[in-house]
Amino acid sequence: MDKVRVKKQGIERYMEKAYRISGANACFSYPIVDTADLEATFLELAEQWRRETGMMSLIMKMSMHPAYQRIIGMGQAVVPLILRDLEKEPDHWFWALQAITGANPVKSEQRGRLQQMAQAWLQWGRENGYRW
């Protein structure tokens with residue numbers, strides 16, 4: 001029993017230190033990530049994804065890349081960063097946006113047209129209160 005308590009306290013201390021969360025609700029909290037850290041991580045992962053998938057033509061393989069999947073795992077907080085990136089230079093962020101938001105504003109006649117797909121998502125972002 002004491003070993004279990006000691007182990008639990010050690011985990012809580014680790015969580016408090018590593019993720020800056022309160023030990024009182026450590027079991028129910030998500031890590032608090034500084035906005036600058038979030039953006040830096042996103043940019044780093046996006047660059048890695050582009051570098052390592054630049055010659056791929058299959059969207060399925062591009063979307064399954066570990067860096068892309070980590071971006072999806074970052075959740076709602078990265079949606080404005082993806083939209084900003086999409087506005088600068090349309091790229092294949094549609095799978096990630098759909099996975100994160102559950103939305104798909106791209107009409108069937110827009111599919112396969114990168115510029116139109118990007119515009120549909122940017123319009124959706126504005127209509128849903130995202131700012132980037």
# chains A, B, ... in the order shown; residues from 1 in each chain; ligands from 1
>>> residues_around(residues="A:Trp121", least_positions_apart="4", cutoff="10 Å", atoms="only C-alpha atoms", output="PyMOL selection string")
chain A and resi 83+86-87+93-94+97-98+103-106+116-117+125-127
>>> write_last_selection(atoms="N, CA, C and O atoms", output="short mmCIF file (atom, residue, chain, number, x, y, z; two decimals), in the first residue's frame")
data_model
loop_
_atom_site.label_atom_id
_atom_site.label_comp_id
_atom_site.auth_asym_id
_atom_site.auth_seq_id
_atom_site.Cartn_x
_atom_site.Cartn_y
_atom_site.Cartn_z
N LEU A 83 -4.82 27.03 -40.12
CA LEU A 83 -5.52 27.96 -41.02
C LEU A 83 -4.60 29.07 -41.50
O LEU A 83 -4.63 29.43 -42.68
N LEU A 86 -2.39 27.56 -44.04
CA LEU A 86 -3.19 27.31 -45.24
C LEU A 86 -3.42 28.59 -46.04
O LEU A 86 -3.43 28.57 -47.27
N GLU A 87 -3.58 29.70 -45.34
CA GLU A 87 -3.79 30.98 -46.00
C GLU A 87 -2.52 31.44 -46.72
O GLU A 87 -2.58 31.98 -47.82
N TRP A 93 -3.66 20.17 -45.52
CA TRP A 93 -4.03 20.20 -44.11
C TRP A 93 -5.47 19.75 -43.88
O TRP A 93 -5.96 19.73 -42.76
N PHE A 94 -6.17 19.39 -44.93
CA PHE A 94 -7.60 19.14 -44.85
C PHE A 94 -7.94 17.93 -43.98
O PHE A 94 -8.91 17.96 -43.22
N LEU A 97 -7.49 19.04 -40.37
CA LEU A 97 -8.58 19.92 -39.95
C LEU A 97 -9.87 19.14 -39.71
O LEU A 97 -10.56 19.37 -38.72
N GLN A 98 -10.16 18.22 -40.59
CA GLN A 98 -11.38 17.42 -40.42
C GLN A 98 -11.27 16.52 -39.19
O GLN A 98 -12.23 16.39 -38.43
N ALA A 103 -15.45 18.81 -38.84
CA ALA A 103 -16.15 19.51 -39.93
C ALA A 103 -15.54 19.13 -41.28
O ALA A 103 -14.42 18.62 -41.34
N ASN A 104 -16.28 19.40 -42.33
CA ASN A 104 -15.77 19.25 -43.68
C ASN A 104 -16.51 20.22 -44.59
O ASN A 104 -17.51 19.86 -45.20
N PRO A 105 -16.03 21.47 -44.69
CA PRO A 105 -16.73 22.47 -45.50
C PRO A 105 -16.47 22.36 -47.00
O PRO A 105 -17.03 23.14 -47.77
N VAL A 106 -15.65 21.41 -47.41
CA VAL A 106 -15.29 21.27 -48.83
C VAL A 106 -16.44 20.59 -49.57
O VAL A 106 -16.84 19.48 -49.23
N GLN A 116 -9.26 25.89 -53.96
CA GLN A 116 -10.67 25.98 -53.57
C GLN A 116 -10.92 25.30 -52.22
O GLN A 116 -11.71 25.80 -51.41
N MET A 117 -10.25 24.20 -51.98
CA MET A 117 -10.39 23.50 -50.70
C MET A 117 -9.87 24.38 -49.57
O MET A 117 -10.49 24.50 -48.51
N GLY A 125 -13.31 28.66 -41.10
CA GLY A 125 -12.62 29.14 -39.92
C GLY A 125 -13.13 30.50 -39.47
O GLY A 125 -13.39 30.73 -38.29
N ARG A 126 -13.29 31.41 -40.43
CA ARG A 126 -13.80 32.75 -40.10
C ARG A 126 -15.22 32.67 -39.56
O ARG A 126 -15.56 33.32 -38.57
N GLU A 127 -16.06 31.86 -40.21
CA GLU A 127 -17.45 31.72 -39.78
C GLU A 127 -17.59 31.09 -38.40
O GLU A 127 -18.58 31.27 -37.72
#
>>> closest_atom_pairs(of="stretch 59-124 of chain A", to="stretch 38-50 of chain A", cutoff="7 Å", atoms="only C-alpha atoms", output="tab-separated table")
residue	atom	partner	partner_atom	distance
A:His65	CA	A:Trp49	CA	6.9
A:Ala67	CA	A:Leu45	CA	5.2
A:Tyr68	CA	A:Trp49	CA	6.1
A:Ile71	CA	A:Phe42	CA	6.5
>>> closest_residue(among="A:Arg70, A:Arg131, A:Lys88, A:Lys61", to="A:Ala118", atoms="only C-alpha atoms")
A:Lys88
>>> residues_around(residues="A:Ala77", least_positions_apart="3", cutoff="9 Å", atoms="only C-alpha atoms", output="count of residues only")
5
